[in-house]
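Visitor: My structure file my_file_6.pdb, PDB, C-alpha atoms, is below:
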ATOM      1  CA  ILE A  11     -42.014  42.044 -21.786  1.00  0.00           C
ATOM      2  CA  MET A  12     -42.009  38.560 -23.262  1.00  0.00           C
ATOM      3  CA  LYS A  13     -38.956  37.203 -25.037  1.00  0.00           C
ATOM      4  CA  LYS A  14     -38.571  33.959 -26.929  1.00  0.00           C
ATOM      5  CA  LEU A  15     -35.420  32.062 -27.805  1.00  0.00           C
ATOM      6  CA  SER A  16     -34.096  33.272 -31.141  1.00  0.00           C
ATOM      7  CA  LEU A  17     -32.177  31.110 -33.594  1.00  0.00           C
ATOM      8  CA  PHE A  18     -29.243  33.372 -34.415  1.00  0.00           C
ATOM      9  CA  ALA A  19     -28.201  33.197 -38.075  1.00  0.00           C
ATOM     10  CA  LEU A  20     -30.989  30.758 -38.916  1.00  0.00           C
ATOM     11  CA  GLY A  21     -30.994  31.977 -42.495  1.00  0.00           C
ATOM     12  CA  CYS A  22     -27.387  30.921 -42.877  1.00  0.00           C
ATOM     13  CA  CYS A  23     -27.928  27.323 -41.805  1.00  0.00           C
ATOM     14  CA  CYS A  24     -31.194  26.891 -43.713  1.00  0.00           C
ATOM     15  CA  SER A  25     -30.591  29.003 -46.822  1.00  0.00           C
ATOM     16  CA  ALA A  26     -31.623  26.116 -49.052  1.00  0.00           C
ATOM     17  CA  ALA A  27     -35.256  26.479 -48.037  1.00  0.00           C
ATOM     18  CA  VAL A  28     -37.738  26.115 -50.892  1.00  0.00           C
ATOM     19  CA  PHE A  29     -40.967  28.089 -51.015  1.00  0.00           C
ATOM     20  CA  ALA A  30     -43.863  26.270 -49.330  1.00  0.00           C
ATOM     21  CA  GLN A  31     -41.860  23.264 -48.167  1.00  0.00           C
ATOM     22  CA  ILE A  32     -40.467  22.020 -44.902  1.00  0.00           C
ATOM     23  CA  VAL A  33     -36.678  21.825 -45.202  1.00  0.00           C
ATOM     24  CA  VAL A  34     -34.606  20.291 -42.402  1.00  0.00           C
ATOM     25  CA  SER A  35     -30.853  20.876 -42.034  1.00  0.00           C
ATOM     26  CA  PRO A  36     -28.377  19.129 -39.694  1.00  0.00           C
ATOM     27  CA  VAL A  37     -27.270  21.062 -36.632  1.00  0.00           C
ATOM     28  CA  GLY A  38     -23.598  20.152 -37.063  1.00  0.00           C
ATOM     29  CA  PRO A  39     -21.593  20.056 -33.833  1.00  0.00           C
ATOM     30  CA  ILE A  40     -23.914  19.969 -30.836  1.00  0.00           C
ATOM     31  CA  SER A  41     -21.741  22.620 -29.193  1.00  0.00           C
ATOM     32  CA  SER A  42     -22.817  25.104 -31.881  1.00  0.00           C
ATOM     33  CA  ILE A  43     -26.469  25.008 -30.798  1.00  0.00           C
ATOM     34  CA  GLY A  44     -25.769  27.525 -28.049  1.00  0.00           C
ATOM     35  CA  THR A  45     -24.625  30.088 -30.609  1.00  0.00           C
ATOM     36  CA  PHE A  46     -27.712  29.522 -32.756  1.00  0.00           C
ATOM     37  CA  LEU A  47     -30.081  29.772 -29.788  1.00  0.00           C
ATOM     38  CA  THR A  48     -28.535  32.917 -28.339  1.00  0.00           C
ATOM     39  CA  GLY A  49     -30.449  35.968 -29.501  1.00  0.00           C
ATOM     40  CA  SER A  50     -32.558  38.902 -28.430  1.00  0.00           C
ATOM     41  CA  GLY A  51     -33.360  38.621 -24.759  1.00  0.00           C
ATOM     42  CA  VAL A  52     -31.450  35.434 -23.868  1.00  0.00           C
ATOM     43  CA  THR A  53     -27.924  34.100 -23.535  1.00  0.00           C
ATOM     44  CA  ILE A  54     -27.445  30.330 -23.881  1.00  0.00           C
ATOM     45  CA  SER A  55     -24.564  28.186 -22.588  1.00  0.00           C
ATOM     46  CA  ASN A  56     -23.647  24.639 -21.511  1.00  0.00           C
ATOM     47  CA  VAL A  57     -25.645  22.922 -24.270  1.00  0.00           C
ATOM     48  CA  VAL A  58     -25.974  19.143 -24.065  1.00  0.00           C
ATOM     49  CA  PHE A  59     -28.035  16.919 -26.377  1.00  0.00           C
ATOM     50  CA  THR A  60     -28.921  13.352 -25.397  1.00  0.00           C
ATOM     51  CA  GLY A  61     -30.216  11.111 -28.163  1.00  0.00           C
ATOM     52  CA  ASP A  62     -29.414  10.143 -31.724  1.00  0.00           C
ATOM     53  CA  THR A  63     -27.743  13.015 -33.596  1.00  0.00           C
ATOM     54  CA  ASN A  64     -30.065  12.408 -36.569  1.00  0.00           C
ATOM     55  CA  ALA A  65     -33.023  13.212 -34.299  1.00  0.00           C
ATOM     56  CA  ILE A  66     -32.416  16.977 -34.140  1.00  0.00           C
ATOM     57  CA  GLY A  67     -32.182  19.605 -36.854  1.00  0.00           C
ATOM     58  CA  TYR A  68     -33.036  23.139 -37.917  1.00  0.00           C
ATOM     59  CA  PHE A  69     -36.066  23.651 -40.121  1.00  0.00           C
ATOM     60  CA  THR A  70     -37.687  26.261 -42.325  1.00  0.00           C
ATOM     61  CA  ALA A  71     -41.394  26.036 -43.143  1.00  0.00           C
ATOM     62  CA  ILE A  72     -42.515  29.110 -45.038  1.00  0.00           C
ATOM     63  CA  ASN A  73     -46.241  29.111 -45.975  1.00  0.00           C
ATOM     64  CA  THR A  74     -46.900  25.550 -44.781  1.00  0.00           C
ATOM     65  CA  THR A  75     -49.576  24.048 -42.541  1.00  0.00           C
ATOM     66  CA  LEU A  76     -47.236  24.329 -39.527  1.00  0.00           C
ATOM     67  CA  ASN A  77     -47.868  28.074 -39.315  1.00  0.00           C
ATOM     68  CA  MET A  78     -44.223  28.514 -38.336  1.00  0.00           C
ATOM     69  CA  SER A  79     -41.431  30.040 -40.370  1.00  0.00           C
ATOM     70  CA  GLY A  80     -38.531  28.155 -38.836  1.00  0.00           C
ATOM     71  CA  GLY A  81     -36.714  26.933 -35.769  1.00  0.00           C
ATOM     72  CA  PHE A  82     -35.516  23.546 -34.622  1.00  0.00           C
ATOM     73  CA  VAL A  83     -37.160  20.132 -34.605  1.00  0.00           C
ATOM     74  CA  MET A  84     -36.509  17.138 -32.350  1.00  0.00           C
ATOM     75  CA  THR A  85     -37.822  13.679 -33.169  1.00  0.00           C
ATOM     76  CA  THR A  86     -37.902  10.182 -31.755  1.00  0.00           C
ATOM     77  CA  GLY A  87     -36.509   8.909 -35.052  1.00  0.00           C
ATOM     78  CA  SER A  88     -34.914  10.766 -37.943  1.00  0.00           C
ATOM     79  CA  THR A  89     -35.394  14.326 -39.148  1.00  0.00           C
ATOM     80  CA  ASN A  90     -35.399  12.831 -42.671  1.00  0.00           C
ATOM     81  CA  ASP A  91     -38.901  11.572 -41.870  1.00  0.00           C
ATOM     82  CA  VAL A  92     -40.286  15.027 -41.021  1.00  0.00           C
ATOM     83  CA  PRO A  93     -41.029  16.657 -44.422  1.00  0.00           C
ATOM     84  CA  GLY A  94     -44.145  15.687 -46.355  1.00  0.00           C
ATOM     85  CA  PRO A  95     -46.065  14.702 -48.215  1.00  0.00           C
ATOM     86  CA  ASN A  96     -48.093  12.663 -45.744  1.00  0.00           C
ATOM     87  CA  ASN A  97     -47.921   9.413 -47.694  1.00  0.00           C
ATOM     88  CA  ASN A  98     -47.061   6.890 -44.963  1.00  0.00           C
ATOM     89  CA  SER A  99     -49.397   6.187 -42.035  1.00  0.00           C
ATOM     90  CA  GLY A 100     -46.634   4.785 -39.830  1.00  0.00           C
ATOM     91  CA  ILE A 101     -43.210   6.075 -40.827  1.00  0.00           C
ATOM     92  CA  GLY A 102     -40.519   5.503 -38.257  1.00  0.00           C
ATOM     93  CA  THR A 103     -36.865   5.032 -37.427  1.00  0.00           C
ATOM     94  CA  ASP A 104     -36.130   3.165 -34.217  1.00  0.00           C
ATOM     95  CA  ASN A 105     -32.886   4.653 -32.899  1.00  0.00           C
ATOM     96  CA  LEU A 106     -32.712   2.059 -30.115  1.00  0.00           C
ATOM     97  CA  GLN A 107     -32.150   4.874 -27.622  1.00  0.00           C
ATOM     98  CA  PRO A 108     -33.302   4.836 -23.996  1.00  0.00           C
ATOM     99  CA  GLY A 109     -36.239   6.825 -22.733  1.00  0.00           C
ATOM    100  CA  ASP A 110     -36.278   9.592 -20.158  1.00  0.00           C
ATOM    101  CA  SER A 111     -37.354   9.084 -16.556  1.00  0.00           C
ATOM    102  CA  ASP A 112     -39.125  12.452 -16.289  1.00  0.00           C
ATOM    103  CA  LEU A 113     -41.097  11.824 -19.475  1.00  0.00           C
ATOM    104  CA  THR A 114     -41.959   8.307 -18.307  1.00  0.00           C
ATOM    105  CA  VAL A 115     -43.785   9.857 -15.345  1.00  0.00           C
ATOM    106  CA  LEU A 116     -45.779  12.152 -17.649  1.00  0.00           C
ATOM    107  CA  ALA A 117     -46.554   9.399 -20.169  1.00  0.00           C
ATOM    108  CA  GLY A 118     -47.658   6.888 -17.550  1.00  0.00           C
ATOM    109  CA  GLY A 119     -45.583   4.158 -19.195  1.00  0.00           C
ATOM    110  CA  ASN A 120     -42.089   3.297 -20.358  1.00  0.00           C
ATOM    111  CA  THR A 121     -40.498   5.714 -22.822  1.00  0.00           C
ATOM    112  CA  TYR A 122     -37.999   5.108 -25.627  1.00  0.00           C
ATOM    113  CA  ASN A 123     -35.890   7.033 -28.155  1.00  0.00           C
ATOM    114  CA  ALA A 124     -35.813  10.177 -26.049  1.00  0.00           C
ATOM    115  CA  ALA A 125     -34.422  13.338 -27.618  1.00  0.00           C
ATOM    116  CA  VAL A 126     -33.358  15.737 -24.869  1.00  0.00           C
ATOM    117  CA  LEU A 127     -31.811  19.182 -25.298  1.00  0.00           C
ATOM    118  CA  GLU A 128     -30.511  20.837 -22.122  1.00  0.00           C
ATOM    119  CA  PHE A 129     -28.876  24.226 -21.612  1.00  0.00           C
ATOM    120  CA  ASP A 130     -28.480  27.146 -19.238  1.00  0.00           C
ATOM    121  CA  CYS A 131     -30.354  30.329 -20.091  1.00  0.00           C
ATOM    122  CA  VAL A 132     -29.929  33.888 -18.795  1.00  0.00           C
ATOM    123  CA  PRO A 133     -32.924  36.068 -19.774  1.00  0.00           C
ATOM    124  CA  THR A 134     -32.756  39.866 -19.882  1.00  0.00           C
ATOM    125  CA  ASP A 135     -36.538  40.225 -19.461  1.00  0.00           C
ATOM    126  CA  ASP A 136     -39.144  38.889 -17.071  1.00  0.00           C
ATOM    127  CA  THR A 137     -40.800  36.109 -19.120  1.00  0.00           C
ATOM    128  CA  LEU A 138     -39.570  33.168 -21.168  1.00  0.00           C
ATOM    129  CA  PHE A 139     -41.816  31.677 -23.809  1.00  0.00           C
ATOM    130  CA  PHE A 140     -41.733  28.933 -26.425  1.00  0.00           C
ATOM    131  CA  ASN A 141     -44.038  28.525 -29.400  1.00  0.00           C
ATOM    132  CA  PHE A 142     -44.164  24.803 -30.157  1.00  0.00           C
ATOM    133  CA  LEU A 143     -46.073  22.197 -32.145  1.00  0.00           C
ATOM    134  CA  PHE A 144     -46.228  18.484 -31.268  1.00  0.00           C
ATOM    135  CA  GLY A 145     -46.717  15.792 -33.922  1.00  0.00           C
ATOM    136  CA  SER A 146     -46.860  12.011 -34.062  1.00  0.00           C
ATOM    137  CA  GLU A 147     -47.359   9.068 -36.380  1.00  0.00           C
ATOM    138  CA  GLU A 148     -49.352   7.406 -33.596  1.00  0.00           C
ATOM    139  CA  TYR A 149     -52.254   9.559 -34.797  1.00  0.00           C
ATOM    140  CA  PRO A 150     -54.956   8.528 -35.460  1.00  0.00           C
ATOM    141  CA  GLU A 151     -54.713   4.721 -35.518  1.00  0.00           C
ATOM    142  CA  TRP A 152     -53.127   4.200 -32.098  1.00  0.00           C
ATOM    143  CA  VAL A 153     -54.948   6.799 -30.042  1.00  0.00           C
ATOM    144  CA  GLY A 154     -56.364   5.059 -26.963  1.00  0.00           C
ATOM    145  CA  ALA A 155     -53.948   2.139 -27.242  1.00  0.00           C
ATOM    146  CA  GLY A 156     -51.388   3.476 -24.783  1.00  0.00           C
ATOM    147  CA  PHE A 157     -48.785   4.674 -27.298  1.00  0.00           C
ATOM    148  CA  ASN A 158     -48.634   7.982 -25.492  1.00  0.00           C
ATOM    149  CA  ASP A 159     -45.736   9.870 -27.107  1.00  0.00           C
ATOM    150  CA  VAL A 160     -45.010  12.830 -24.866  1.00  0.00           C
ATOM    151  CA  PHE A 161     -43.277  16.232 -24.819  1.00  0.00           C
ATOM    152  CA  ALA A 162     -42.181  18.584 -22.031  1.00  0.00           C
ATOM    153  CA  ILE A 163     -40.111  21.696 -21.382  1.00  0.00           C
ATOM    154  CA  TYR A 164     -38.626  21.469 -17.905  1.00  0.00           C
ATOM    155  CA  ILE A 165     -37.196  24.510 -16.173  1.00  0.00           C
ATOM    156  CA  SER A 166     -35.482  25.124 -12.841  1.00  0.00           C
ATOM    157  CA  GLY A 167     -33.742  28.104 -11.274  1.00  0.00           C
ATOM    158  CA  PRO A 168     -34.340  31.040  -8.923  1.00  0.00           C
ATOM    159  CA  ASN A 169     -37.895  30.886  -7.524  1.00  0.00           C
ATOM    160  CA  ILE A 170     -38.685  27.968  -9.880  1.00  0.00           C
ATOM    161  CA  PRO A 171     -38.364  24.389  -8.609  1.00  0.00           C
ATOM    162  CA  PHE A 172     -37.890  21.785 -11.366  1.00  0.00           C
ATOM    163  CA  GLN A 173     -41.156  21.693 -13.301  1.00  0.00           C
ATOM    164  CA  ASN A 174     -42.740  21.303 -16.725  1.00  0.00           C
ATOM    165  CA  MET A 175     -43.842  24.555 -18.375  1.00  0.00           C
ATOM    166  CA  ALA A 176     -45.393  23.044 -21.532  1.00  0.00           C
ATOM    167  CA  TRP A 177     -49.040  22.125 -20.917  1.00  0.00           C
ATOM    168  CA  ILE A 178     -52.241  21.911 -22.884  1.00  0.00           C
ATOM    169  CA  PRO A 179     -53.615  25.486 -22.636  1.00  0.00           C
ATOM    170  CA  ASN A 180     -55.371  26.490 -19.413  1.00  0.00           C
ATOM    171  CA  SER A 181     -54.463  23.229 -17.696  1.00  0.00           C
ATOM    172  CA  THR A 182     -51.684  21.202 -16.128  1.00  0.00           C
ATOM    173  CA  VAL A 183     -52.267  18.333 -18.567  1.00  0.00           C
ATOM    174  CA  PRO A 184     -49.118  17.117 -20.375  1.00  0.00           C
ATOM    175  CA  VAL A 185     -48.836  17.393 -24.136  1.00  0.00           C
ATOM    176  CA  SER A 186     -49.101  13.830 -25.427  1.00  0.00           C
ATOM    177  CA  VAL A 187     -50.934  11.651 -27.947  1.00  0.00           C
ATOM    178  CA  GLU A 188     -53.532  10.512 -25.424  1.00  0.00           C
ATOM    179  CA  ASN A 189     -54.150  14.023 -24.089  1.00  0.00           C
ATOM    180  CA  VAL A 190     -54.717  15.871 -27.357  1.00  0.00           C
ATOM    181  CA  ASN A 191     -56.254  14.175 -30.374  1.00  0.00           C
ATOM    182  CA  ALA A 192     -59.465  14.138 -32.434  1.00  0.00           C
ATOM    183  CA  ASN A 193     -61.488  13.070 -29.370  1.00  0.00           C
ATOM    184  CA  ILE A 194     -59.793  14.795 -26.431  1.00  0.00           C
ATOM    185  CA  ASN A 195     -58.853  18.488 -26.457  1.00  0.00           C
ATOM    186  CA  SER A 196     -59.724  18.350 -30.149  1.00  0.00           C
ATOM    187  CA  SER A 197     -59.615  22.135 -30.549  1.00  0.00           C
ATOM    188  CA  TYR A 198     -55.827  21.814 -30.295  1.00  0.00           C
ATOM    189  CA  TYR A 199     -55.552  18.926 -32.789  1.00  0.00           C
ATOM    190  CA  VAL A 200     -54.853  19.111 -36.538  1.00  0.00           C
ATOM    191  CA  ASP A 201     -55.400  16.134 -38.887  1.00  0.00           C
ATOM    192  CA  HIS A 202     -52.639  16.094 -41.516  1.00  0.00           C
ATOM    193  CA  THR A 203     -53.988  13.249 -43.649  1.00  0.00           C
ATOM    194  CA  GLY A 204     -52.831  13.959 -47.194  1.00  0.00           C
ATOM    195  CA  ASP A 205     -50.896  17.038 -46.123  1.00  0.00           C
ATOM    196  CA  PRO A 206     -48.278  18.028 -48.748  1.00  0.00           C
ATOM    197  CA  TYR A 207     -45.921  19.588 -46.204  1.00  0.00           C
ATOM    198  CA  VAL A 208     -45.498  17.334 -43.156  1.00  0.00           C
ATOM    199  CA  GLN A 209     -45.269  13.558 -42.865  1.00  0.00           C
ATOM    200  CA  TYR A 210     -46.810  13.247 -39.392  1.00  0.00           C
ATOM    201  CA  ASP A 211     -50.451  12.091 -39.518  1.00  0.00           C
ATOM    202  CA  GLY A 212     -51.481  14.555 -36.824  1.00  0.00           C
ATOM    203  CA  THR A 213     -50.149  17.475 -34.832  1.00  0.00           C
ATOM    204  CA  THR A 214     -51.296  19.913 -32.244  1.00  0.00           C
ATOM    205  CA  THR A 215     -51.996  23.486 -33.157  1.00  0.00           C
ATOM    206  CA  ASN A 216     -49.254  25.931 -32.255  1.00  0.00           C
ATOM    207  CA  LEU A 217     -49.075  26.028 -28.450  1.00  0.00           C
ATOM    208  CA  LEU A 218     -47.380  28.538 -26.176  1.00  0.00           C
ATOM    209  CA  ALA A 219     -45.391  27.728 -23.040  1.00  0.00           C
ATOM    210  CA  THR A 220     -44.633  30.712 -20.793  1.00  0.00           C
ATOM    211  CA  ILE A 221     -43.165  31.284 -17.354  1.00  0.00           C
ATOM    212  CA  PRO A 222     -42.128  34.366 -15.334  1.00  0.00           C
ATOM    213  CA  VAL A 223     -38.385  34.620 -14.644  1.00  0.00           C
ATOM    214  CA  ILE A 224     -35.969  36.987 -12.915  1.00  0.00           C
ATOM    215  CA  PRO A 225     -33.964  39.011 -15.463  1.00  0.00           C
ATOM    216  CA  GLY A 226     -30.240  38.327 -15.291  1.00  0.00           C
ATOM    217  CA  SER A 227     -30.641  35.041 -13.421  1.00  0.00           C
ATOM    218  CA  THR A 228     -29.535  31.641 -14.703  1.00  0.00           C
ATOM    219  CA  TYR A 229     -32.162  28.985 -15.437  1.00  0.00           C
ATOM    220  CA  HIS A 230     -31.684  25.417 -16.594  1.00  0.00           C
ATOM    221  CA  LEU A 231     -33.897  24.223 -19.454  1.00  0.00           C
ATOM    222  CA  LYS A 232     -34.597  20.639 -20.507  1.00  0.00           C
ATOM    223  CA  ILE A 233     -36.582  20.228 -23.730  1.00  0.00           C
ATOM    224  CA  ALA A 234     -37.573  16.573 -24.088  1.00  0.00           C
ATOM    225  CA  PHE A 235     -39.592  14.334 -26.405  1.00  0.00           C
ATOM    226  CA  ALA A 236     -39.990  10.532 -26.359  1.00  0.00           C
ATOM    227  CA  ASP A 237     -41.921   7.563 -27.702  1.00  0.00           C
ATOM    228  CA  ALA A 238     -44.051   5.668 -25.196  1.00  0.00           C
ATOM    229  CA  VAL A 239     -44.648   1.887 -24.979  1.00  0.00           C
ATOM    230  CA  ASP A 240     -42.461   1.223 -28.049  1.00  0.00           C
ATOM    231  CA  GLY A 241     -40.011   3.007 -30.342  1.00  0.00           C
ATOM    232  CA  ILE A 242     -41.400   1.875 -33.676  1.00  0.00           C
ATOM    233  CA  VAL A 243     -43.013   4.952 -35.237  1.00  0.00           C
ATOM    234  CA  ASP A 244     -41.859   8.550 -35.077  1.00  0.00           C
ATOM    235  CA  GLY A 245     -43.026  11.710 -33.450  1.00  0.00           C
ATOM    236  CA  GLY A 246     -41.531  15.169 -33.408  1.00  0.00           C
ATOM    237  CA  VAL A 247     -41.789  18.586 -31.875  1.00  0.00           C
ATOM    238  CA  PHE A 248     -41.194  21.857 -33.709  1.00  0.00           C
ATOM    239  CA  LEU A 249     -40.030  24.901 -31.713  1.00  0.00           C
ATOM    240  CA  GLU A 250     -40.233  28.265 -33.421  1.00  0.00           C
ATOM    241  CA  VAL A 251     -37.254  30.525 -32.794  1.00  0.00           C
TER     242      VAL A 251
END
How does this structure look as C-alpha cells?
Guide:
Amino acid sequence: IMKKLSLFALGCCCSAAVFAQIVVSPVGPISSIGTFLTGSGVTISNVVFTGDTNAIGYFTAINTTLNMSGGFVMTTGSTNDVPGPNNNSGIGTDNLQPGDSDLTVLAGGNTYNAAVLEFDCVPTDDTLFFNFLFGSEEYPEWVGAGFNDVFAIYISGPNIPFQNMAWIPNSTVPVSVENVNANINSSYYVDHTGDPYVQYDGTTTNLLATIPVIPGSTYHLKIAFADAVDGIVDGGVFLEV
C-alpha cells in the first residue's frame, strides 16, 4: 500500500482559494507544519525549516496547469512570485541565504538561497511517496549556462542510508534545470510561456518519488531546493499533499 504525506486541515489554511488560480498562504509558525503534514498513513515530528520564512507556503491550485489541487511550495525567493500570469521572464527575490552542501554536490556548482524542510516521519504502511513539480525562471534562457537550480528529497532510516529519492523517472539523474528542459528529458518538461496560472517560465511535469519503508519505523526526511551559480532569479517546487 502506498501512502503520501497529507496536509491536515489544508482547506482551513487556504480557504481563500479562487477558482482556477494558484493561491499561496503563509505557513505561520514553522512548528505548526508538523500538524499540517500529519495525516493518513504518516506521523510527523521534529520539523525544522532552514531558509527565508517567505520562501515556504501552502498553496491551492484547482483546475490550473499544475495538475495539482494543493499542498506546499518552497522557493529560492518569495512565494509572492509563484502565482501567474507568466508576465516576467526573470522574476526573482534574492534572499541572500546560503546554499546547501548536499544540493551543491547534485548541482555540480555552488548553491544559494536554499530552502530546506526537515522532519521525522513514522509511516504506517510500506511505501512513502511524494508527487512533486519543479519549476524555475532559469528556463528557457539560461539552460546550458550552468544555472542548474536543483531539488532533492533526502531520506535516511532503517535499511535506508542517507540518499536522494527524487529522480528523473527511470534513472538516478537529479531533478535540475540542466537535467530536464526542452532539449534534455523533454517529455518531462512543460513550457509555461504566457501561462495565466504560474509565473515560472518552465516546470517539469508532475513527478513521483517513492521508496519502500518499514511500517512503524522512524525516518528522517530532508526536502531541499536551491539556486545554483547565483541567487538572482527564482525557482520553486510544489509538493502535493
Visitor: Grab the atom CA of A:Ser166 to atom CA of A:Asn64 distance for me, in Å with one decimal place.
Guide: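 The value is 27.5 Å.
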Visitor: Go ahead and compute the interatomic distance for atom CA of A:Val243 and atom CA of A:Asn73, in Å to one decimal.
Guide: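 Value for the atom CA of A:Val243-atom CA of A:Asn73 distance: 26.6 Å.
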Visitor: What residues come out when you apply the PyMOL selection byres ((chain A and resi 205) around 7) to this file, written as an mmCIF file with C-alpha atoms, in the coordinates of the input?
Guide:
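So part-v8.cif came out as:
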data_model
loop_
_atom_site.group_PDB
_atom_site.id
_atom_site.type_symbol
_atom_site.label_atom_id
_atom_site.label_comp_id
_atom_site.auth_asym_id
_atom_site.auth_seq_id
_atom_site.Cartn_x
_atom_site.Cartn_y
_atom_site.Cartn_z
ATOM 1 C CA GLY A 94 -44.145 15.687 -46.355
ATOM 2 C CA PRO A 95 -46.065 14.702 -48.215
ATOM 3 C CA ASN A 96 -48.093 12.663 -45.744
ATOM 4 C CA HIS A 202 -52.639 16.094 -41.516
ATOM 5 C CA THR A 203 -53.988 13.249 -43.649
ATOM 6 C CA GLY A 204 -52.831 13.959 -47.194
ATOM 7 C CA PRO A 206 -48.278 18.028 -48.748
ATOM 8 C CA TYR A 207 -45.921 19.588 -46.204
ATOM 9 C CA VAL A 208 -45.498 17.334 -43.156
#
Visitor: Around the point (-30.5, 12.5, -38.1) in the file's coordinates, collect all residues with an atom within 12 Å, using only C-alpha atoms, and return them as a list in words.
Guide: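 Collected hits near the coordinates: Val34, Ser35, Pro36, Val37, Gly38, Gly61, Asp62, Thr63, Asn64, Ala65, Ile66, Gly67, Tyr68, Val83, Met84, Thr85, Thr86, Gly87, Ser88, Thr89, Asn90, Asp91, Val92, Thr103, Asp104, Asn105 and Ala125 of chain A.
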Visitor: Compare A:Asn216, A:Ser79, A:Glu147, A:Lys232 by their minimum atom-to-atom distance to A:Gly102, counting only C-alpha atoms, and give me the closest one.
Guide: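 Using only C-alpha atoms, the shortest distance to A:Gly102 belongs to A:Glu147.
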Visitor: Given the PyMOL selection byres ((chain A and resi 248) around 8) and the file above, list the residues it selects as a list in words.
Guide: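 Written out, the selection comes to Gly81, Phe82, Val83, Met84, Phe142, Leu143, Phe144, Gly246, Val247, Leu249 and Glu250 of chain A.
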Visitor: Measure the distance from atom CA of A:Phe140 to atom CA of A:Thr121 in Å and round it to one decimal.
Guide: 23.5 Å
Visitor: Return the single residue from A:Tyr210, A:Val52, A:Gly118, A:Tyr229 that is closest to A:Pro171, with distances computed using only C-alpha atoms.
Guide: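 Using only C-alpha atoms, the shortest distance to A:Pro171 belongs to A:Tyr229.
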Visitor: Dump as a Markdown table the rows for residues of stretch 87-155 of chain A within 10 Å of stretch 181-191 of chain A: closest atom pair and distance in Å with one decimal, only C-alpha atoms counted, ordered by chain and rising residue number.
Guide:
| residue | atom | partner | partner_atom | distance |
| --- | --- | --- | --- | --- |
| A:Leu113 | CA | A:Pro184 | CA | 9.7 |
| A:Leu116 | CA | A:Pro184 | CA | 6.6 |
| A:Ala117 | CA | A:Ser186 | CA | 7.3 |
| A:Leu143 | CA | A:Val185 | CA | 9.7 |
| A:Phe144 | CA | A:Val185 | CA | 7.7 |
| A:Gly145 | CA | A:Val187 | CA | 8.4 |
| A:Ser146 | CA | A:Val187 | CA | 7.4 |
| A:Glu147 | CA | A:Val187 | CA | 9.5 |
| A:Glu148 | CA | A:Val187 | CA | 7.2 |
| A:Tyr149 | CA | A:Val187 | CA | 7.3 |
| A:Pro150 | CA | A:Asn191 | CA | 7.7 |
| A:Trp152 | CA | A:Val187 | CA | 8.8 |
| A:Val153 | CA | A:Glu188 | CA | 6.1 |
| A:Gly154 | CA | A:Glu188 | CA | 6.3 |
| A:Ala155 | CA | A:Glu188 | CA | 8.6 |
Visitor: I need the chosen residues saved as a short mmCIF file (atom, residue, chain, number, x, y, z; two decimals), keeping the file's coordinate frame, with C-alpha atoms.
Guide:
data_model
loop_
_atom_site.label_atom_id
_atom_site.label_comp_id
_atom_site.auth_asym_id
_atom_site.auth_seq_id
_atom_site.Cartn_x
_atom_site.Cartn_y
_atom_site.Cartn_z
CA LEU A 113 -41.10 11.82 -19.48
CA LEU A 116 -45.78 12.15 -17.65
CA ALA A 117 -46.55 9.40 -20.17
CA LEU A 143 -46.07 22.20 -32.15
CA PHE A 144 -46.23 18.48 -31.27
CA GLY A 145 -46.72 15.79 -33.92
CA SER A 146 -46.86 12.01 -34.06
CA GLU A 147 -47.36 9.07 -36.38
CA GLU A 148 -49.35 7.41 -33.60
CA TYR A 149 -52.25 9.56 -34.80
CA PRO A 150 -54.96 8.53 -35.46
CA TRP A 152 -53.13 4.20 -32.10
CA VAL A 153 -54.95 6.80 -30.04
CA GLY A 154 -56.36 5.06 -26.96
CA ALA A 155 -53.95 2.14 -27.24
#
Visitor: Got a sec: who's within 12 Å of A:His230, counting all atoms listed in the file, leaving out chain neighbours fewer than 4 positions off, as a CSV table (one decimal) with C-alpha atoms, keeping the file's coordinate frame?
Guide:
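As a result, out17.csv now contains:
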chain,number,residue,atom,x,y,z
A,53,THR,CA,-27.9,34.1,-23.5
A,54,ILE,CA,-27.4,30.3,-23.9
A,55,SER,CA,-24.6,28.2,-22.6
A,56,ASN,CA,-23.6,24.6,-21.5
A,57,VAL,CA,-25.6,22.9,-24.3
A,58,VAL,CA,-26.0,19.1,-24.1
A,127,LEU,CA,-31.8,19.2,-25.3
A,128,GLU,CA,-30.5,20.8,-22.1
A,129,PHE,CA,-28.9,24.2,-21.6
A,130,ASP,CA,-28.5,27.1,-19.2
A,131,CYS,CA,-30.4,30.3,-20.1
A,132,VAL,CA,-29.9,33.9,-18.8
A,133,PRO,CA,-32.9,36.1,-19.8
A,138,LEU,CA,-39.6,33.2,-21.2
A,163,ILE,CA,-40.1,21.7,-21.4
A,164,TYR,CA,-38.6,21.5,-17.9
A,165,ILE,CA,-37.2,24.5,-16.2
A,166,SER,CA,-35.5,25.1,-12.8
A,167,GLY,CA,-33.7,28.1,-11.3
A,168,PRO,CA,-34.3,31.0,-8.9
A,170,ILE,CA,-38.7,28.0,-9.9
A,171,PRO,CA,-38.4,24.4,-8.6
A,172,PHE,CA,-37.9,21.8,-11.4
A,173,GLN,CA,-41.2,21.7,-13.3
A,174,ASN,CA,-42.7,21.3,-16.7
A,223,VAL,CA,-38.4,34.6,-14.6
Visitor: Quick one: residues within 7 Å of A:Asp237, all atoms listed in the file counted, chain neighbours fewer than 2 positions away excluded, as a short mmCIF file (atom, residue, chain, number, x, y, z; two decimals) with C-alpha atoms, in the frame of the given file?
Guide:
data_model
loop_
_atom_site.label_atom_id
_atom_site.label_comp_id
_atom_site.auth_asym_id
_atom_site.auth_seq_id
_atom_site.Cartn_x
_atom_site.Cartn_y
_atom_site.Cartn_z
CA THR A 86 -37.90 10.18 -31.76
CA THR A 121 -40.50 5.71 -22.82
CA TYR A 122 -38.00 5.11 -25.63
CA ASN A 123 -35.89 7.03 -28.16
CA ALA A 124 -35.81 10.18 -26.05
CA ASP A 159 -45.74 9.87 -27.11
CA VAL A 160 -45.01 12.83 -24.87
CA VAL A 239 -44.65 1.89 -24.98
CA ASP A 240 -42.46 1.22 -28.05
CA GLY A 241 -40.01 3.01 -30.34
#
Visitor: Name every residue that the PyMOL selection byres ((chain A and resi 197) around 12) selects in this structure, writing the answer as a count of residues only with chains first and numbers rising.
Guide: 19
Visitor: Hey, what's within 6 Å of A:Ala234 if we count only C-alpha atoms and toss same-chain stuff fewer than 5 positions away? As number ranges by chain, please?
Guide: A: 125-126, 161-162
